[in-house]
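Below: one structure, written as structure tokens.
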Amino acid sequence: MKKATLHLGTGLEFQGFSFGYEYPADGEVVFNTAMVGYPESLTDPSYSGQILCVTYPIVGNYGVPEDKVTGNISENFESEKIHVRGLIISDYSFNYSHWSAVKSLDAWLKEFRIPGIFGVDTREITKILRERGSMPGAIIPEGMSLATPPYDPGSENQVAIVSCRDVIRYGSGRKKIVLLDCGVKHNILRCLLRRNIEIIRVPWDYDFNSLEYDGLFISNGPGNPEYCTAAVENIRKALSADKPVFGICMGNQLLAKASGASTFKLKYGHRSHNQPVRLLGTDRCFITSQNHGYAVDGNTLGKDWEPLFINMNDGTNEGIRHKSGRYFSVQFHPEASSGPTDTEFLFDKFINLL
């Protein structure tokens with residue numbers, strides 16, 4: 001086992017061992033407290049530009065499933081590739097066992113040239129990130145070095161990096177929606193297709209308003225929504241067409257910006273399977289899967305808009321809705337994958353509006 005070092009922006013160093021692709025990795029270090037779901041998390045485009053620290057101690061024990069693709073949609077992953085720039089874990093399981101596994105996590109990381117480090121105290125790293133906030137960092141195997149300062153994902157438009165380049169069509173359902181791709185997870189596509197919907201998936205800056213469609217869906221995605229001015233302008237035009245709109249994660253932030261509200265960066269974001277949210281005006285609470293570093297400032301919503309959900313841990317906005325009831329969005333992931341499916345009913349709410 002080759003030694004490796006995790007360097008954090010605070011100047012702290014953690015000594016461990018290299019696994020996966022043996023090469024330096026740099027990016028914004030964030031943490032996720034989920035107990036399972038590393039194949040889904042690593043392929044989530046919302047992690048673009050980031051090094052992921054997994055707090056659950058044992059990782060790799062159930063290996064990695066086969067990458068089956070049906071109709072341009074992966075059956076087991078959330079996109080076509082791994083999006084994290086590096087992986088930090090405590091105890092790597094060299095032996096894996098699962099009926100669907102075809103390879104080890106180590107082999108999968110090597111395949112996509114993603115460096116990893118294990119044998120470090122991920123609880124202590126997470127405590128530092130909670131106290132100091134997400135920060136730049138680097139994984140450097142012994143005998144190697146990083147020639148430049150760690151990569152800052154906030155320095156460029158991450159949505160433009162992960163969005164599709166061309167218009168892609170799925171299904172042939174009774175209703176037709178435009179899906180604005182800001183880094184869409186494939187389980188969102190699966191959830192919509194299961195509801196007999198035709199999807200027109202378009203790039204993040206595509207002017208879809210000339211298309212024929214029944215509703216607009218705005219997907220999740222990585223990074224700072226401030227870069228997505230073209231998307232915001234096109235969403236703003238769509239709002240005047242009075243067709244239903246549903247947004248998830250980045251979609252919540254872009255819909256809010258199109259309505260005139262503002263967003264801000266959270267100290268360390270929400271990345272887990274156990275974020276509690278409350279439906280405003282009720283005592284109904286839901287456990288949700290989340291992965292985002294920015295949030296909507298609920299105090300900046302216009303008079304025709306109102307908060308839909310609120311985070312019960314820190315009070316931040318978890319969704320908005322227009323008072324007409326035709327436009328709404330959530331900050332969490334009702335499609336889960338991985339994570340709880342408690343809020344999948346929101347897809348039905350959107351479909352019923354079409």
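Lettering and numbering for the structure tokens are positional, with chains as A, B, ... in the shown order, residues counted from 1 in each chain, and ligands counted from 1 in the shown order.
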Wanna dump the stretch 146-236 of chain A-stretch 322-337 of chain A contacts at 8 Å for me, each residue with its shortest atom pair and the distance in Å to one decimal, counting only C-alpha atoms, ordered by chain and number, as a tab-separated table?
```
residue	atom	partner	partner_atom	distance
A:Asn187	CA	A:Glu335	CA	6.1
A:Ile188	CA	A:Glu335	CA	5.8
A:Cys191	CA	A:Glu335	CA	6.8
```
Excluding same-chain residues fewer than 6 positions from A:Glu78, what lies within 8 Å of it counting only C-alpha atoms, as a PDB file with all heavy atoms, in the first residue's frame?
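Okay, this is what ended up in part-v4.pdb:
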```pdb
ATOM      1  N   GLU A  40     -24.090   5.589  -6.495  1.00  0.00           N
ATOM      2  CA  GLU A  40     -24.980   6.674  -6.918  1.00  0.00           C
ATOM      3  C   GLU A  40     -24.355   8.039  -6.632  1.00  0.00           C
ATOM      4  O   GLU A  40     -24.428   8.957  -7.455  1.00  0.00           O
ATOM      5  CB  GLU A  40     -26.329   6.559  -6.203  1.00  0.00           C
ATOM      6  CG  GLU A  40     -27.146   5.332  -6.574  1.00  0.00           C
ATOM      7  CD  GLU A  40     -26.839   4.112  -5.707  1.00  0.00           C
ATOM      8  OE1 GLU A  40     -25.810   4.122  -4.987  1.00  0.00           O
ATOM      9  OE2 GLU A  40     -27.613   3.155  -5.749  1.00  0.00           O
ATOM     10  N   SER A  41     -23.744   8.190  -5.464  1.00  0.00           N
ATOM     11  CA  SER A  41     -23.147   9.482  -5.106  1.00  0.00           C
ATOM     12  C   SER A  41     -22.001   9.851  -6.031  1.00  0.00           C
ATOM     13  O   SER A  41     -21.906  10.990  -6.497  1.00  0.00           O
ATOM     14  CB  SER A  41     -22.648   9.453  -3.655  1.00  0.00           C
ATOM     15  OG  SER A  41     -23.724   9.403  -2.749  1.00  0.00           O
ATOM     16  N   THR A  43     -21.458   9.092  -9.034  1.00  0.00           N
ATOM     17  CA  THR A  43     -21.891   9.420 -10.395  1.00  0.00           C
ATOM     18  C   THR A  43     -22.892  10.574 -10.436  1.00  0.00           C
ATOM     19  O   THR A  43     -23.433  10.879 -11.503  1.00  0.00           O
ATOM     20  CB  THR A  43     -22.502   8.180 -11.077  1.00  0.00           C
ATOM     21  OG1 THR A  43     -23.544   7.642 -10.245  1.00  0.00           O
ATOM     22  CG2 THR A  43     -21.443   7.111 -11.311  1.00  0.00           C
ATOM     23  N   ASP A  44     -23.142  11.212  -9.312  1.00  0.00           N
ATOM     24  CA  ASP A  44     -24.047  12.369  -9.255  1.00  0.00           C
ATOM     25  C   ASP A  44     -23.311  13.593  -9.804  1.00  0.00           C
ATOM     26  O   ASP A  44     -22.310  14.024  -9.234  1.00  0.00           O
ATOM     27  CB  ASP A  44     -24.476  12.607  -7.803  1.00  0.00           C
ATOM     28  CG  ASP A  44     -25.465  13.753  -7.663  1.00  0.00           C
ATOM     29  OD1 ASP A  44     -25.696  14.485  -8.646  1.00  0.00           O
ATOM     30  OD2 ASP A  44     -26.005  13.923  -6.551  1.00  0.00           O
ATOM     31  N   PRO A  45     -23.784  14.195 -10.919  1.00  0.00           N
ATOM     32  CA  PRO A  45     -23.105  15.368 -11.486  1.00  0.00           C
ATOM     33  C   PRO A  45     -23.001  16.551 -10.530  1.00  0.00           C
ATOM     34  O   PRO A  45     -22.172  17.438 -10.733  1.00  0.00           O
ATOM     35  CB  PRO A  45     -23.972  15.722 -12.696  1.00  0.00           C
ATOM     36  CG  PRO A  45     -24.631  14.432 -13.079  1.00  0.00           C
ATOM     37  CD  PRO A  45     -24.903  13.740 -11.768  1.00  0.00           C
ATOM     38  N   LYS A 185     -29.710  13.867 -12.712  1.00  0.00           N
ATOM     39  CA  LYS A 185     -29.503  12.493 -12.265  1.00  0.00           C
ATOM     40  C   LYS A 185     -30.424  11.577 -13.068  1.00  0.00           C
ATOM     41  O   LYS A 185     -31.578  11.926 -13.340  1.00  0.00           O
ATOM     42  CB  LYS A 185     -29.804  12.368 -10.771  1.00  0.00           C
ATOM     43  CG  LYS A 185     -28.792  13.055  -9.876  1.00  0.00           C
ATOM     44  CD  LYS A 185     -29.240  13.055  -8.428  1.00  0.00           C
ATOM     45  CE  LYS A 185     -29.340  11.653  -7.870  1.00  0.00           C
ATOM     46  NZ  LYS A 185     -29.793  11.651  -6.459  1.00  0.00           N
ATOM     47  N   HIS A 186     -29.930  10.403 -13.417  1.00  0.00           N
ATOM     48  CA  HIS A 186     -30.705   9.515 -14.273  1.00  0.00           C
ATOM     49  C   HIS A 186     -31.967   8.991 -13.602  1.00  0.00           C
ATOM     50  O   HIS A 186     -32.906   8.607 -14.301  1.00  0.00           O
ATOM     51  CB  HIS A 186     -29.827   8.364 -14.756  1.00  0.00           C
ATOM     52  CG  HIS A 186     -28.926   8.767 -15.893  1.00  0.00           C
ATOM     53  ND1 HIS A 186     -28.298   7.870 -16.717  1.00  0.00           N
ATOM     54  CD2 HIS A 186     -28.551  10.000 -16.335  1.00  0.00           C
ATOM     55  CE1 HIS A 186     -27.574   8.521 -17.615  1.00  0.00           C
ATOM     56  NE2 HIS A 186     -27.711   9.811 -17.396  1.00  0.00           N
ATOM     57  N   ASN A 187     -32.007   8.958 -12.280  1.00  0.00           N
ATOM     58  CA  ASN A 187     -33.241   8.480 -11.661  1.00  0.00           C
ATOM     59  C   ASN A 187     -34.378   9.482 -11.815  1.00  0.00           C
ATOM     60  O   ASN A 187     -35.550   9.107 -11.715  1.00  0.00           O
ATOM     61  CB  ASN A 187     -33.036   8.155 -10.175  1.00  0.00           C
ATOM     62  CG  ASN A 187     -34.085   7.182  -9.673  1.00  0.00           C
ATOM     63  OD1 ASN A 187     -34.434   6.224 -10.363  1.00  0.00           O
ATOM     64  ND2 ASN A 187     -34.615   7.426  -8.480  1.00  0.00           N
ATOM     65  N   SER A 337     -32.197   7.963  -4.781  1.00  0.00           N
ATOM     66  CA  SER A 337     -31.161   7.244  -5.534  1.00  0.00           C
ATOM     67  C   SER A 337     -29.771   7.817  -5.313  1.00  0.00           C
ATOM     68  O   SER A 337     -29.217   8.474  -6.184  1.00  0.00           O
ATOM     69  CB  SER A 337     -31.486   7.237  -7.023  1.00  0.00           C
ATOM     70  OG  SER A 337     -30.664   6.330  -7.706  1.00  0.00           O
TER      71      SER A 337
END
```
### Task
Have a look at atom CA of A:Phe14 and atom CA of A:Ser93 and let me know their distance in Å, one decimal.
19.6 Å
### Task
For A:Gly119, please output as a PyMOL selection string all residues within 7 Å (counting only C-alpha atoms; exclusion window: fewer than 4 positions along the same chain).
chain A and resi 16-17+89-91
Give me, as CSV, the closest atom pair and its distance (Å, one decimal) for every residue of stretch 102-182 of chain A within a cut-off of 12 Å of stretch 233-255 of chain A, counting only C-alpha atoms, rows sorted by chain and rising number.
```
residue,atom,partner,partner_atom,distance
A:Gln158,CA,A:Met250,CA,11.3
A:Val159,CA,A:Met250,CA,9.2
A:Lys175,CA,A:Pro244,CA,12.0
A:Lys176,CA,A:Lys243,CA,11.5
A:Ile177,CA,A:Pro244,CA,9.4
A:Val178,CA,A:Val245,CA,9.7
A:Leu179,CA,A:Gly247,CA,9.5
A:Leu180,CA,A:Gly251,CA,8.6
A:Asp181,CA,A:Gly251,CA,9.4
A:Cys182,CA,A:Met250,CA,7.3
```
## Note on the structure
A straight line from atom CA of A:Val120 to atom CA of A:Asp106 spans 16.5 Å
### Message
Give me the residues near stretch 287-290 of chain A as JSON, numbers by chain, where near means some atom within 12 Å (using only C-alpha atoms) and where sequence neighbours in that chain fewer than 3 positions away do not count.
### Response
{"A": [31, 32, 33, 34, 35, 36, 37, 40, 41, 44, 46, 47, 220, 221, 248, 249, 250, 269, 270, 271, 272, 273, 274, 275, 276, 277, 278, 279, 284, 293, 294, 295, 309, 310, 311, 312, 313, 318, 330, 331, 332, 333, 334, 335, 336, 337, 338, 339, 340, 341, 342, 343, 344]}
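Between atom CA of A:Phe19 and atom CA of A:Phe118 the separation is 7.2 Å.
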### Query
With only C-alpha atoms as the basis for distance, which of A:Glu156, A:Glu124, A:Asp304, A:Asp166 is at the shortest distance from A:Val202?
A:Asp166
Near A:Gly49, within 9 Å and counting only C-alpha atoms, which residues show up once chain neighbours fewer than 5 positions away are dropped, as an mmCIF file with N, CA and C atoms, in the first residue's frame?
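Done, and the output landed in selection30.cif:
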```
data_model
loop_
_atom_site.group_PDB
_atom_site.id
_atom_site.type_symbol
_atom_site.label_atom_id
_atom_site.label_comp_id
_atom_site.auth_asym_id
_atom_site.auth_seq_id
_atom_site.Cartn_x
_atom_site.Cartn_y
_atom_site.Cartn_z
ATOM 1 N N ASP A 26 -7.303 17.385 -6.692
ATOM 2 C CA ASP A 26 -7.562 18.636 -5.975
ATOM 3 C C ASP A 26 -8.975 19.113 -6.268
ATOM 4 N N GLY A 27 -9.533 19.873 -5.326
ATOM 5 C CA GLY A 27 -10.884 20.384 -5.482
ATOM 6 C C GLY A 27 -11.427 20.872 -4.153
ATOM 7 N N GLU A 28 -12.719 21.136 -4.107
ATOM 8 C CA GLU A 28 -13.380 21.562 -2.872
ATOM 9 C C GLU A 28 -13.736 20.321 -2.058
ATOM 10 N N HIS A 83 -18.129 11.698 -11.180
ATOM 11 C CA HIS A 83 -17.959 13.147 -11.247
ATOM 12 C C HIS A 83 -17.088 13.724 -10.129
ATOM 13 N N VAL A 84 -16.940 13.017 -9.008
ATOM 14 C CA VAL A 84 -16.069 13.549 -7.959
ATOM 15 C C VAL A 84 -14.644 13.584 -8.479
ATOM 16 N N ARG A 85 -13.831 14.508 -7.955
ATOM 17 C CA ARG A 85 -12.422 14.585 -8.356
ATOM 18 C C ARG A 85 -11.535 13.707 -7.477
ATOM 19 N N TYR A 151 -7.738 23.195 -7.135
ATOM 20 C CA TYR A 151 -8.790 23.648 -8.034
ATOM 21 C C TYR A 151 -9.983 24.184 -7.252
ATOM 22 N N ASP A 152 -10.488 25.323 -7.679
ATOM 23 C CA ASP A 152 -11.662 25.939 -7.058
ATOM 24 C C ASP A 152 -12.845 25.802 -8.008
ATOM 25 N N PRO A 153 -13.832 24.940 -7.704
ATOM 26 C CA PRO A 153 -14.974 24.766 -8.608
ATOM 27 C C PRO A 153 -15.796 26.040 -8.774
ATOM 28 N N GLY A 154 -15.656 26.980 -7.825
ATOM 29 C CA GLY A 154 -16.361 28.240 -7.951
ATOM 30 C C GLY A 154 -15.761 29.175 -8.979
ATOM 31 N N GLN A 158 -19.845 25.140 -13.331
ATOM 32 C CA GLN A 158 -19.889 23.686 -13.254
ATOM 33 C C GLN A 158 -21.084 23.108 -14.009
ATOM 34 N N PRO A 222 -24.505 21.106 -10.291
ATOM 35 C CA PRO A 222 -23.455 21.527 -9.366
ATOM 36 C C PRO A 222 -23.162 23.024 -9.396
ATOM 37 N N GLY A 223 -22.474 23.470 -8.360
ATOM 38 C CA GLY A 223 -21.851 24.788 -8.386
ATOM 39 C C GLY A 223 -22.751 25.964 -8.079
#
```
### Task
Looking only at helix (DSSP H, G or I) from DSSP on the backbone, list the matching residues of stretch 57-226 of chain A as number ranges by chain.
A: 105-111, 122-132, 153-155, 158-162, 186-193, 208-210, 225-226
#### Entry: Test item, strand (DSSP E) assignment across stretch 221-267 of chain A, answer as a list in words
Val245, Phe246, Gly247, Ile248, Thr263, Phe264, Lys265, Leu266 and Lys267 of chain A
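Candidate residues A:Ile88, A:Ile82, A:Leu266, A:Leu12 were compared for distance to A:Asp314, and the nearest is A:Leu266, using only C-alpha atoms.
Take the candidates A:Ser48, A:Ala230, A:Val102, A:Pro39 and check each one against A:Glu66 using only C-alpha atoms; the shortest distance goes to A:Val102.
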### Message
Would you pick out the contacts of A:Ala231 at 6 Å or less, using only C-alpha atoms, so that residues sharing its chain but fewer than 3 positions from it are not included, and give the list as a PyMOL selection string?
### Response
chain A and resi 204-205+228+234
